[in-house]
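J.: So here's work.cif, just mmCIF, C-alpha atoms:
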```
data_my_file
loop_
_atom_site.group_PDB
_atom_site.id
_atom_site.type_symbol
_atom_site.label_atom_id
_atom_site.label_comp_id
_atom_site.auth_asym_id
_atom_site.auth_seq_id
_atom_site.Cartn_x
_atom_site.Cartn_y
_atom_site.Cartn_z
ATOM 1 C CA MET A 169 -22.766 6.786 -13.392
ATOM 2 C CA ARG A 170 -20.882 7.256 -16.685
ATOM 3 C CA LEU A 171 -20.326 10.977 -16.317
ATOM 4 C CA SER A 172 -19.860 12.636 -19.643
ATOM 5 C CA TRP A 173 -17.397 15.418 -20.369
ATOM 6 C CA ARG A 174 -19.133 18.770 -20.417
ATOM 7 C CA THR A 175 -18.007 21.958 -22.090
ATOM 8 C CA ALA A 176 -17.082 24.619 -19.545
ATOM 9 C CA ARG A 177 -16.329 28.251 -20.353
ATOM 10 C CA LEU A 178 -13.884 30.328 -18.349
ATOM 11 C CA VAL A 179 -15.760 33.492 -17.371
ATOM 12 C CA GLU A 180 -13.616 34.974 -14.623
ATOM 13 C CA ARG A 181 -10.123 34.653 -13.179
ATOM 14 C CA ARG A 182 -9.131 36.086 -9.800
ATOM 15 C CA ALA A 183 -5.703 36.068 -8.190
ATOM 16 C CA GLN A 184 -5.677 34.499 -4.719
ATOM 17 C CA THR A 185 -1.922 34.716 -4.151
ATOM 18 C CA ALA A 186 1.079 35.347 -6.419
ATOM 19 C CA THR A 187 0.760 31.823 -7.806
ATOM 20 C CA ALA A 188 -2.824 30.789 -7.044
ATOM 21 C CA ARG A 189 -5.924 31.583 -9.039
ATOM 22 C CA THR A 190 -9.647 31.203 -8.703
ATOM 23 C CA LEU A 191 -11.212 30.192 -12.014
ATOM 24 C CA VAL A 192 -14.942 30.690 -12.458
ATOM 25 C CA LEU A 193 -16.454 28.550 -15.203
ATOM 26 C CA THR A 194 -19.966 28.220 -16.519
ATOM 27 C CA VAL A 195 -21.153 24.697 -17.249
ATOM 28 C CA PRO A 196 -24.583 24.454 -18.912
ATOM 29 C CA ASP A 197 -26.944 22.112 -17.005
ATOM 30 C CA TRP A 198 -24.497 21.652 -14.122
ATOM 31 C CA PRO A 199 -26.238 19.183 -11.760
ATOM 32 C CA GLY A 200 -24.982 20.762 -8.525
ATOM 33 C CA HIS A 201 -22.436 19.327 -6.082
ATOM 34 C CA LEU A 202 -21.498 18.868 -2.448
ATOM 35 C CA ALA A 203 -18.785 20.787 -0.615
ATOM 36 C CA GLY A 204 -15.546 18.822 -0.868
ATOM 37 C CA GLN A 205 -16.175 17.330 -4.291
ATOM 38 C CA HIS A 206 -13.849 17.830 -7.248
ATOM 39 C CA VAL A 207 -13.917 17.797 -11.033
ATOM 40 C CA ASP A 208 -11.575 16.462 -13.660
ATOM 41 C CA VAL A 209 -10.532 19.065 -16.220
ATOM 42 C CA ARG A 210 -9.520 17.929 -19.698
ATOM 43 C CA LEU A 211 -7.469 20.070 -22.054
ATOM 44 C CA THR A 212 -6.992 19.154 -25.694
ATOM 45 C CA ALA A 213 -4.067 20.578 -27.676
ATOM 46 C CA ASP A 214 -4.287 21.464 -31.368
ATOM 47 C CA ASP A 215 -2.545 18.194 -32.232
ATOM 48 C CA GLY A 216 -5.104 16.170 -30.303
ATOM 49 C CA TYR A 217 -2.947 15.540 -27.229
ATOM 50 C CA GLN A 218 -5.063 15.488 -24.096
ATOM 51 C CA ALA A 219 -4.223 16.081 -20.441
ATOM 52 C CA VAL A 220 -6.578 15.477 -17.503
ATOM 53 C CA ARG A 221 -6.136 16.910 -13.993
ATOM 54 C CA SER A 222 -8.336 17.008 -10.900
ATOM 55 C CA TYR A 223 -9.282 20.299 -9.246
ATOM 56 C CA SER A 224 -11.350 20.857 -6.147
ATOM 57 C CA LEU A 225 -14.518 22.900 -6.273
ATOM 58 C CA ALA A 226 -13.970 25.979 -4.097
ATOM 59 C CA ALA A 227 -17.559 27.080 -3.554
ATOM 60 C CA PRO A 228 -21.045 25.613 -3.241
ATOM 61 C CA PRO A 229 -23.114 25.410 -6.418
ATOM 62 C CA ASP A 230 -24.363 28.661 -7.919
ATOM 63 C CA ALA A 231 -26.661 27.623 -10.797
ATOM 64 C CA ASP A 232 -24.311 26.765 -13.680
ATOM 65 C CA ARG A 233 -21.259 28.567 -12.277
ATOM 66 C CA ILE A 234 -18.489 26.570 -10.638
ATOM 67 C CA GLU A 235 -15.353 27.865 -8.962
ATOM 68 C CA LEU A 236 -12.025 26.022 -9.046
ATOM 69 C CA GLY A 237 -8.819 26.717 -7.138
ATOM 70 C CA VAL A 238 -5.665 26.309 -9.198
ATOM 71 C CA GLN A 239 -2.191 26.444 -7.683
ATOM 72 C CA THR A 240 0.593 26.825 -10.232
ATOM 73 C CA VAL A 241 2.988 23.932 -9.987
ATOM 74 C CA GLU A 242 6.401 24.957 -11.278
ATOM 75 C CA SER A 243 7.283 22.949 -14.404
ATOM 76 C CA GLY A 244 3.732 21.593 -14.340
ATOM 77 C CA GLU A 245 2.171 20.647 -17.659
ATOM 78 C CA VAL A 246 -1.331 21.927 -16.986
ATOM 79 C CA SER A 247 -1.556 24.240 -13.966
ATOM 80 C CA PRO A 248 0.557 27.181 -15.289
ATOM 81 C CA TYR A 249 -1.564 27.196 -18.447
ATOM 82 C CA LEU A 250 -4.859 27.087 -16.579
ATOM 83 C CA ALA A 251 -3.690 29.604 -14.001
ATOM 84 C CA ASP A 252 -2.389 32.303 -16.315
ATOM 85 C CA GLU A 253 -2.751 31.561 -20.026
ATOM 86 C CA LEU A 254 -6.172 30.117 -20.788
ATOM 87 C CA PRO A 255 -8.066 33.206 -22.040
ATOM 88 C CA VAL A 256 -11.323 34.270 -20.428
ATOM 89 C CA GLY A 257 -14.054 33.149 -22.830
ATOM 90 C CA ALA A 258 -12.209 29.954 -23.805
ATOM 91 C CA ASP A 259 -13.681 26.476 -23.375
ATOM 92 C CA VAL A 260 -12.298 23.422 -21.591
ATOM 93 C CA GLU A 261 -14.003 20.157 -20.661
ATOM 94 C CA VAL A 262 -14.984 19.100 -17.152
ATOM 95 C CA ARG A 263 -16.259 15.846 -15.694
ATOM 96 C CA GLY A 264 -18.022 15.795 -12.354
ATOM 97 C CA PRO A 265 -18.958 16.341 -9.646
ATOM 98 C CA LEU A 266 -16.649 13.597 -8.373
ATOM 99 C CA GLY A 267 -16.145 11.917 -5.007
ATOM 100 C CA ASN A 268 -18.770 11.198 -2.383
ATOM 101 C CA TRP A 269 -16.581 10.495 0.649
ATOM 102 C CA PHE A 270 -14.558 13.672 1.192
ATOM 103 C CA VAL A 271 -17.739 15.762 1.556
ATOM 104 C CA TRP A 272 -19.281 17.927 4.252
ATOM 105 C CA ARG A 273 -23.067 18.024 4.294
ATOM 106 C CA PRO A 274 -25.111 21.025 5.483
ATOM 107 C CA GLU A 275 -27.222 18.794 7.743
ATOM 108 C CA GLU A 276 -24.130 18.080 9.860
ATOM 109 C CA THR A 277 -24.840 19.446 13.349
ATOM 110 C CA ARG A 278 -21.692 18.285 15.160
ATOM 111 C CA PRO A 279 -18.760 20.701 15.370
ATOM 112 C CA ALA A 280 -16.226 19.855 12.676
ATOM 113 C CA LEU A 281 -12.508 20.428 12.230
ATOM 114 C CA LEU A 282 -10.921 21.303 8.889
ATOM 115 C CA VAL A 283 -7.142 21.152 8.509
ATOM 116 C CA ALA A 284 -5.572 22.657 5.379
ATOM 117 C CA GLY A 285 -2.023 22.454 4.109
ATOM 118 C CA GLY A 286 -1.372 25.116 1.432
ATOM 119 C CA SER A 287 -3.745 24.767 -1.518
ATOM 120 C CA GLY A 288 -5.493 21.960 0.373
ATOM 121 C CA VAL A 289 -7.679 24.803 1.611
ATOM 122 C CA VAL A 290 -9.698 24.774 -1.635
ATOM 123 C CA PRO A 291 -12.250 22.019 -0.895
ATOM 124 C CA LEU A 292 -12.360 23.163 2.738
ATOM 125 C CA ALA A 293 -13.283 26.672 1.549
ATOM 126 C CA ALA A 294 -16.266 25.131 -0.217
ATOM 127 C CA MET A 295 -17.258 23.554 3.107
ATOM 128 C CA ILE A 296 -16.855 26.887 4.935
ATOM 129 C CA ARG A 297 -18.981 28.697 2.360
ATOM 130 C CA ALA A 298 -21.650 25.971 2.399
ATOM 131 C CA HIS A 299 -21.561 26.151 6.199
ATOM 132 C CA GLY A 300 -22.122 29.913 6.055
ATOM 133 C CA ARG A 301 -25.331 29.324 4.116
ATOM 134 C CA ALA A 302 -26.559 26.525 6.419
ATOM 135 C CA GLY A 303 -27.711 28.293 9.543
ATOM 136 C CA THR A 304 -28.197 25.211 11.698
ATOM 137 C CA ALA A 305 -24.917 23.409 11.049
ATOM 138 C CA GLY A 306 -22.456 22.904 13.908
ATOM 139 C CA PRO A 307 -19.504 25.287 14.303
ATOM 140 C CA LEU A 308 -16.362 24.852 12.229
ATOM 141 C CA THR A 309 -12.732 25.201 13.184
ATOM 142 C CA LEU A 310 -10.199 25.679 10.393
ATOM 143 C CA LEU A 311 -6.519 25.128 11.075
ATOM 144 C CA TYR A 312 -4.747 26.527 8.030
ATOM 145 C CA SER A 313 -1.041 25.971 7.415
ATOM 146 C CA ALA A 314 0.448 28.446 4.919
ATOM 147 C CA ARG A 315 4.028 29.501 4.259
ATOM 148 C CA THR A 316 3.532 33.214 4.897
ATOM 149 C CA PRO A 317 0.593 35.612 5.328
ATOM 150 C CA ASP A 318 0.887 36.349 1.582
ATOM 151 C CA ASP A 319 0.096 32.711 0.800
ATOM 152 C CA VAL A 320 -3.355 32.693 2.390
ATOM 153 C CA TRP A 321 -6.255 32.079 0.013
ATOM 154 C CA TYR A 322 -9.833 33.348 0.572
ATOM 155 C CA ARG A 323 -8.778 35.740 3.358
ATOM 156 C CA ASP A 324 -12.041 37.710 3.230
ATOM 157 C CA ASP A 325 -14.211 34.618 3.600
ATOM 158 C CA LEU A 326 -12.084 33.214 6.376
ATOM 159 C CA ASP A 327 -11.862 36.364 8.458
ATOM 160 C CA GLY A 328 -15.543 37.263 8.152
ATOM 161 C CA GLY A 329 -17.053 34.017 9.368
ATOM 162 C CA GLY A 330 -18.345 35.184 12.738
ATOM 163 C CA GLU A 331 -18.659 33.062 15.845
ATOM 164 C CA ARG A 332 -19.532 29.863 14.039
ATOM 165 C CA LEU A 333 -16.170 29.786 12.282
ATOM 166 C CA ASP A 334 -12.897 29.705 14.213
ATOM 167 C CA VAL A 335 -9.897 30.176 11.893
ATOM 168 C CA ARG A 336 -6.384 29.512 13.155
ATOM 169 C CA TYR A 337 -3.411 30.240 10.941
ATOM 170 C CA VAL A 338 -0.134 28.396 11.206
ATOM 171 C CA TYR A 339 2.700 30.052 9.259
ATOM 172 C CA THR A 340 5.566 27.774 8.392
ATOM 173 C CA ARG A 341 8.152 30.241 6.977
ATOM 174 C CA ARG A 342 7.234 33.779 8.042
ATOM 175 C CA ALA A 343 4.651 34.946 10.547
ATOM 176 C CA PRO A 344 3.163 38.456 10.738
ATOM 177 C CA LEU A 345 4.977 41.004 12.893
ATOM 178 C CA GLY A 346 3.955 40.698 16.512
ATOM 179 C CA SER A 347 2.819 37.113 16.108
ATOM 180 C CA VAL A 348 3.197 35.073 19.288
ATOM 181 C CA ARG A 349 3.690 31.777 17.523
ATOM 182 C CA PRO A 350 7.078 31.465 15.783
ATOM 183 C CA PRO A 351 7.011 30.159 12.186
ATOM 184 C CA GLY A 352 7.016 26.375 11.995
ATOM 185 C CA ARG A 353 5.094 23.378 10.830
ATOM 186 C CA VAL A 354 1.824 22.316 12.427
ATOM 187 C CA ALA A 355 2.719 20.957 15.844
ATOM 188 C CA ARG A 356 0.853 18.944 18.387
ATOM 189 C CA ALA A 357 0.056 22.070 20.414
ATOM 190 C CA ASP A 358 -1.661 23.641 17.384
ATOM 191 C CA LEU A 359 -3.804 20.560 16.884
ATOM 192 C CA ASP A 360 -4.503 20.240 20.598
ATOM 193 C CA GLN A 361 -6.116 23.707 20.600
ATOM 194 C CA ALA A 362 -7.929 23.037 17.327
ATOM 195 C CA VAL A 363 -9.686 19.895 18.585
ATOM 196 C CA ALA A 364 -10.921 21.628 21.752
ATOM 197 C CA ARG A 365 -14.423 22.277 20.401
ATOM 198 C CA LEU A 366 -14.952 18.804 18.952
ATOM 199 C CA VAL A 367 -17.343 16.221 20.371
ATOM 200 C CA LYS A 368 -17.197 12.442 20.109
ATOM 201 C CA ASP A 369 -17.149 11.378 16.441
ATOM 202 C CA SER A 370 -16.964 14.962 15.196
ATOM 203 C CA PRO A 371 -16.020 14.883 11.536
ATOM 204 C CA VAL A 372 -12.481 15.957 10.661
ATOM 205 C CA PHE A 373 -11.343 16.841 7.127
ATOM 206 C CA VAL A 374 -7.642 17.051 6.290
ATOM 207 C CA CYS A 375 -6.435 18.148 2.853
ATOM 208 C CA GLY A 376 -2.961 18.987 1.629
ATOM 209 C CA PRO A 377 0.273 17.486 0.375
ATOM 210 C CA THR A 378 0.652 13.806 1.206
ATOM 211 C CA ALA A 379 3.301 14.219 3.909
ATOM 212 C CA PHE A 380 1.229 16.928 5.611
ATOM 213 C CA VAL A 381 -1.905 14.787 5.585
ATOM 214 C CA GLU A 382 -0.096 11.759 7.012
ATOM 215 C CA THR A 383 1.547 13.759 9.809
ATOM 216 C CA VAL A 384 -1.614 15.592 10.790
ATOM 217 C CA SER A 385 -3.919 12.591 10.716
ATOM 218 C CA ASP A 386 -1.505 10.492 12.788
ATOM 219 C CA ALA A 387 -1.245 13.296 15.362
ATOM 220 C CA LEU A 388 -5.033 13.679 15.495
ATOM 221 C CA VAL A 389 -5.436 9.988 16.255
ATOM 222 C CA ASP A 390 -2.849 10.386 19.036
ATOM 223 C CA LEU A 391 -4.978 13.224 20.423
ATOM 224 C CA GLY A 392 -8.000 10.947 20.599
ATOM 225 C CA CYS A 393 -9.808 11.524 17.300
ATOM 226 C CA SER A 394 -11.413 8.373 15.940
ATOM 227 C CA PRO A 395 -9.640 7.215 12.751
ATOM 228 C CA ASP A 396 -13.081 6.547 11.277
ATOM 229 C CA ALA A 397 -14.036 10.193 11.748
ATOM 230 C CA ILE A 398 -11.015 11.546 9.866
ATOM 231 C CA ARG A 399 -11.451 12.060 6.134
ATOM 232 C CA THR A 400 -8.397 12.879 4.108
ATOM 233 C CA GLU A 401 -7.522 14.076 0.637
ATOM 234 C CA ARG A 402 -3.926 14.075 -0.589
ATOM 235 C CA PHE A 403 -2.698 15.698 -3.740
ATOM 236 C CA GLY A 404 0.734 14.099 -4.003
ATOM 237 C CA MET B 106 4.765 2.108 4.408
ATOM 238 C CA THR B 107 7.901 4.014 3.504
ATOM 239 C CA ASP B 108 9.028 4.773 0.004
ATOM 240 C CA ASP B 109 10.369 7.539 -2.167
ATOM 241 C CA LEU B 110 7.418 7.788 -4.514
ATOM 242 C CA THR B 111 4.700 10.200 -3.486
ATOM 243 C CA HIS B 112 1.259 8.731 -3.461
ATOM 244 C CA MET B 113 -2.155 10.280 -3.756
ATOM 245 C CA ASP B 114 -5.270 8.640 -2.404
ATOM 246 C CA GLY B 115 -8.397 6.961 -3.647
ATOM 247 C CA ASN B 116 -10.331 10.216 -4.021
ATOM 248 C CA CYS B 117 -8.615 10.547 -7.400
ATOM 249 C CA LEU B 118 -10.138 7.254 -8.569
ATOM 250 C CA ALA B 119 -13.570 8.892 -8.774
ATOM 251 C CA GLY B 120 -13.209 10.235 -12.305
ATOM 252 C CA PRO B 121 -11.453 7.272 -13.934
ATOM 253 C CA LEU B 122 -13.767 4.708 -12.296
ATOM 254 C CA SER B 123 -16.852 6.720 -13.284
ATOM 255 C CA GLU B 124 -16.129 5.607 -16.844
ATOM 256 C CA ILE B 125 -16.990 1.992 -16.008
ATOM 257 C CA LEU B 126 -18.989 1.947 -12.748
ATOM 258 C CA ALA B 127 -22.620 2.903 -12.225
ATOM 259 C CA VAL B 128 -22.223 3.833 -8.532
ATOM 260 C CA GLU B 129 -19.930 6.478 -7.038
ATOM 261 C CA PRO B 130 -16.896 4.436 -5.997
ATOM 262 C CA THR B 131 -14.856 6.437 -3.459
ATOM 263 C CA ALA B 132 -17.306 5.800 -0.617
ATOM 264 C CA ALA B 133 -17.381 2.051 -1.380
ATOM 265 C CA TRP B 134 -16.184 -0.248 1.407
ATOM 266 C CA TRP B 135 -13.111 -2.436 1.025
ATOM 267 C CA ARG B 136 -11.374 -4.922 3.302
ATOM 268 C CA CYS B 137 -7.748 -5.939 2.869
ATOM 269 C CA PRO B 138 -7.427 -9.735 2.572
ATOM 270 C CA GLN B 139 -3.829 -9.535 3.789
ATOM 271 C CA CYS B 140 -3.903 -7.396 6.950
ATOM 272 C CA GLY B 141 -7.646 -7.144 7.613
ATOM 273 C CA ARG B 142 -7.806 -3.346 7.592
ATOM 274 C CA SER B 143 -11.037 -1.987 6.189
ATOM 275 C CA GLY B 144 -12.204 1.369 4.949
ATOM 276 C CA THR B 145 -13.358 3.131 1.823
ATOM 277 C CA LEU B 146 -11.729 3.203 -1.595
ATOM 278 C CA ALA B 147 -11.003 6.895 -0.931
ATOM 279 C CA GLN B 148 -8.580 5.832 1.810
ATOM 280 C CA LEU B 149 -6.428 3.633 -0.405
ATOM 281 C CA HIS B 150 -3.026 4.969 -1.365
ATOM 282 C CA VAL B 151 -2.782 5.511 -5.102
ATOM 283 C CA TYR B 152 0.308 5.634 -7.304
ATOM 284 C CA GLY B 153 0.141 6.928 -10.854
ATOM 285 C CA PRO B 154 -1.620 8.077 -12.957
ATOM 286 C CA GLU B 155 0.898 6.977 -15.628
ATOM 287 C CA PRO B 156 1.226 4.348 -16.975
ATOM 288 C CA GLY B 157 -1.734 3.288 -14.822
ATOM 289 C CA MET B 158 -3.176 3.800 -11.355
ATOM 290 C CA THR B 159 -2.297 1.320 -8.618
ATOM 291 C CA ALA B 160 -4.327 1.514 -5.405
ATOM 292 C CA VAL B 161 -2.907 -0.217 -2.345
ATOM 293 C CA CYS B 162 -3.907 -0.888 1.246
ATOM 294 C CA PRO B 163 -2.765 2.055 3.429
ATOM 295 C CA GLY B 164 -1.712 -0.411 6.111
ATOM 296 C CA CYS B 165 0.279 -3.118 4.321
ATOM 297 C CA ALA B 166 0.526 -2.011 0.655
ATOM 298 C CA TYR B 167 -1.386 -5.052 -0.605
ATOM 299 C CA ILE B 168 -2.659 -4.235 -4.102
ATOM 300 C CA ALA B 169 -6.372 -3.475 -4.041
ATOM 301 C CA LEU B 170 -6.879 -2.556 -7.659
ATOM 302 C CA ARG B 171 -5.136 -1.401 -10.800
ATOM 303 C CA LEU B 172 -6.603 0.721 -13.538
ATOM 304 C CA VAL B 173 -5.108 1.366 -16.956
ATOM 305 C CA LYS B 174 -6.642 3.676 -19.514
ATOM 306 C CA GLU B 175 -6.182 3.180 -23.233
ATOM 307 C CA GLU B 176 -7.696 5.269 -25.971
ATOM 308 C CA ASP B 177 -10.891 3.229 -26.294
ATOM 309 C CA HIS B 178 -10.688 0.963 -23.236
ATOM 310 C CA VAL B 179 -10.233 0.847 -19.497
ATOM 311 C CA TRP B 180 -8.555 -2.165 -17.912
ATOM 312 C CA LEU B 181 -9.492 -3.007 -14.322
ATOM 313 C CA ALA B 182 -7.719 -5.591 -12.173
ATOM 314 C CA LEU B 183 -8.974 -6.280 -8.662
ATOM 315 C CA GLY B 184 -6.426 -7.653 -6.192
ATOM 316 C CA SER B 185 -2.837 -8.541 -6.919
ATOM 317 C CA GLY B 186 -3.355 -11.357 -9.433
ATOM 318 C CA THR B 187 -2.997 -11.257 -13.185
ATOM 319 C CA SER B 188 -6.701 -11.406 -13.942
ATOM 320 C CA ALA B 189 -7.992 -8.217 -15.550
ATOM 321 C CA VAL B 190 -11.167 -7.027 -17.213
ATOM 322 C CA ARG B 191 -11.200 -4.803 -20.274
ATOM 323 C CA PHE B 192 -14.101 -2.377 -20.730
ATOM 324 C CA ARG B 193 -14.819 -0.628 -23.990
ATOM 325 C CA THR B 194 -15.389 3.056 -23.215
ATOM 326 C CA ALA B 195 -15.450 4.641 -26.652
#
```
Just give me the structure as structure tokens.
T.:
Amino acid sequence: MRLSWRTARLVERRAQTATARTLVLTVPDWPGHLAGQHVDVRLTADDGYQAVRSYSLAAPPDADRIELGVQTVESGEVSPYLADELPVGADVEVRGPLGNWFVWRPEETRPALLVAGGSGVVPLAAMIRAHGRAGTAGPLTLLYSARTPDDVWYRDDLDGGGERLDVRYVYTRRAPLGSVRPPGRVARADLDQAVARLVKDSPVFVCGPTAFVETVSDALVDLGCSPDAIRTERFG
Amino acid sequence: MTDDLTHMDGNCLAGPLSEILAVEPTAAWWRCPQCGRSGTLAQLHVYGPEPGMTAVCPGCAYIALRLVKEEDHVWLALGSGTSAVRFRTA
């Protein structure tokens, strides 16, 4: 495969939340990618020091434009710089697309479940957007755990998905006024409702912090999901 | 497996392994010689990335592979032994 590093230019930055950004980059001759794949981003300092980090692609391919989701990690070496300091018009290097297992394909006709913990929603948003373009794909359910309503990424995409996209929010710290569900971590009852539309061997994608992914995937197996049908991505 | 270190998973091996493998590796099949669990490389638990990446069986923590990157080389060790292969990448 021997993917080479390509020059990528930052062309647009959008705030998703107070600490999360969408970065749009142009990469000449980008070969395209599948929803769920990621790229490695390499930054080189003036003294030659290099840092490499992985970021999920947040949208399906759009010619040579790619969209990354970057969550600022406090005291992080790379994410605060990428999120807020790298000037629009500046170049970085990217390698990808990477990963061929944590992917949703548009020819998938079975209903699928996506479970996001915090910024784990990024690769799942790419799946939702690819799904929106693929008219014949099976319906999607997204169970999205966020701290508060202010921490939700991609709200417009998620709330405008129509009948083929069922989005369920779980707020862990503060729920909107009038919300029936009290704030709290994803519980068995939340997952029980989310799996209702699935069929045998329906694909399930879980992405988030490691502890979240472990808890959710164990609970899904308890609810009858096949371990072989559950695909996970942890970001530490 | 319980520990204090946070692990990632084998999805993050895709970039580093692309430097030395011709085929996309995260969907590759692997079977643990210790506990018999099988799955894809993406499902391994991975510690690192510094000083190197160590990928272990999610069931019993048996070492599946280790990967260390140097400036001009990548070292790859399969399994828990001391045998390792050094690839020139620069």
J.: Quick one: residues within 12 Å of Thr378 in chain A, only C-alpha atoms, excluding same-chain residues fewer than 3 positions away - as a list in words?
T.: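 Close residues of Thr378 in chain A: Ala284, Gly285, Gly286, Gly288, Val374, Cys375, Val381, Glu382, Thr383, Val384, Ser385, Thr400, Glu401, Arg402, Phe403 and Gly404 of chain A; Leu110, Thr111, His112, Met113, Asp114, His150, Val151 and Tyr152 of chain B.
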J.: Identify all residues satisfying the PyMOL selection byres ((chain B) within 10 of (chain A)) in the given file; provide them as an NGL selection string.
T.: :B and (110-133 or 144-148 or 150-154 or 194)
J.: When you draw a straight line from CA of Arg301 in chain A to CA of Thr316 in chain A, how long is it in Å?
T.: 29.1 Å
J.: Between CA of His201 in chain A and CA of Pro395 in chain A, what is the spacing in Å?
T.: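 Between CA of Pro395 in chain A and CA of His201 in chain A the gap is 25.8 Å.
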J.: Expand the PyMOL selection byres ((chain A and resi 190-194) around 8) into the explicit residue set it covers here, and present it as a count of residues only.
T.: 21
J.: Show me that you can extract range 126-137 of chain B, keeping N, CA, C and O atoms, and write it as a PDB file, in the first residue's frame.
T.:
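Produced file out.pdb, reproduced below:
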```
ATOM      1  N   LEU B 126       3.409  -2.641   4.790  1.00  0.00           N
ATOM      2  CA  LEU B 126       2.561  -3.690   4.234  1.00  0.00           C
ATOM      3  C   LEU B 126       1.897  -3.220   2.943  1.00  0.00           C
ATOM      4  O   LEU B 126       1.579  -2.048   2.798  1.00  0.00           O
ATOM      5  N   ALA B 127       1.668  -4.179   2.032  1.00  0.00           N
ATOM      6  CA  ALA B 127       1.056  -3.843   0.758  1.00  0.00           C
ATOM      7  C   ALA B 127      -0.466  -3.903   0.819  1.00  0.00           C
ATOM      8  O   ALA B 127      -1.146  -3.373  -0.038  1.00  0.00           O
ATOM      9  N   VAL B 128      -1.021  -4.582   1.831  1.00  0.00           N
ATOM     10  CA  VAL B 128      -2.467  -4.777   1.928  1.00  0.00           C
ATOM     11  C   VAL B 128      -2.975  -4.102   3.199  1.00  0.00           C
ATOM     12  O   VAL B 128      -2.316  -4.151   4.239  1.00  0.00           O
ATOM     13  N   GLU B 129      -4.136  -3.485   3.109  1.00  0.00           N
ATOM     14  CA  GLU B 129      -4.736  -2.808   4.266  1.00  0.00           C
ATOM     15  C   GLU B 129      -4.815  -3.790   5.436  1.00  0.00           C
ATOM     16  O   GLU B 129      -5.411  -4.861   5.316  1.00  0.00           O
ATOM     17  N   PRO B 130      -4.231  -3.456   6.585  1.00  0.00           N
ATOM     18  CA  PRO B 130      -4.075  -4.458   7.627  1.00  0.00           C
ATOM     19  C   PRO B 130      -5.194  -4.563   8.668  1.00  0.00           C
ATOM     20  O   PRO B 130      -5.319  -5.608   9.299  1.00  0.00           O
ATOM     21  N   THR B 131      -6.027  -3.531   8.859  1.00  0.00           N
ATOM     22  CA  THR B 131      -6.926  -3.596  10.022  1.00  0.00           C
ATOM     23  C   THR B 131      -8.031  -4.634   9.852  1.00  0.00           C
ATOM     24  O   THR B 131      -8.601  -5.096  10.832  1.00  0.00           O
ATOM     25  N   ALA B 132      -8.346  -4.988   8.601  1.00  0.00           N
ATOM     26  CA  ALA B 132      -9.369  -6.005   8.375  1.00  0.00           C
ATOM     27  C   ALA B 132      -8.765  -7.412   8.322  1.00  0.00           C
ATOM     28  O   ALA B 132      -9.494  -8.390   8.142  1.00  0.00           O
ATOM     29  N   ALA B 133      -7.452  -7.530   8.498  1.00  0.00           N
ATOM     30  CA  ALA B 133      -6.795  -8.836   8.453  1.00  0.00           C
ATOM     31  C   ALA B 133      -7.222  -9.690   9.654  1.00  0.00           C
ATOM     32  O   ALA B 133      -7.459  -9.179  10.747  1.00  0.00           O
ATOM     33  N   TRP B 134      -7.302 -10.974   9.441  1.00  0.00           N
ATOM     34  CA  TRP B 134      -7.758 -11.917  10.469  1.00  0.00           C
ATOM     35  C   TRP B 134      -6.589 -12.362  11.333  1.00  0.00           C
ATOM     36  O   TRP B 134      -5.476 -12.553  10.834  1.00  0.00           O
ATOM     37  N   TRP B 135      -6.852 -12.556  12.603  1.00  0.00           N
ATOM     38  CA  TRP B 135      -5.819 -12.989  13.546  1.00  0.00           C
ATOM     39  C   TRP B 135      -6.442 -13.943  14.549  1.00  0.00           C
ATOM     40  O   TRP B 135      -7.597 -13.792  14.939  1.00  0.00           O
ATOM     41  N   ARG B 136      -5.679 -14.965  14.948  1.00  0.00           N
ATOM     42  CA  ARG B 136      -6.172 -15.875  15.982  1.00  0.00           C
ATOM     43  C   ARG B 136      -5.146 -15.932  17.095  1.00  0.00           C
ATOM     44  O   ARG B 136      -3.948 -16.091  16.847  1.00  0.00           O
ATOM     45  N   CYS B 137      -5.606 -15.822  18.333  1.00  0.00           N
ATOM     46  CA  CYS B 137      -4.712 -15.819  19.480  1.00  0.00           C
ATOM     47  C   CYS B 137      -4.252 -17.251  19.779  1.00  0.00           C
ATOM     48  O   CYS B 137      -5.079 -18.129  19.999  1.00  0.00           O
TER      49      CYS B 137
END
```
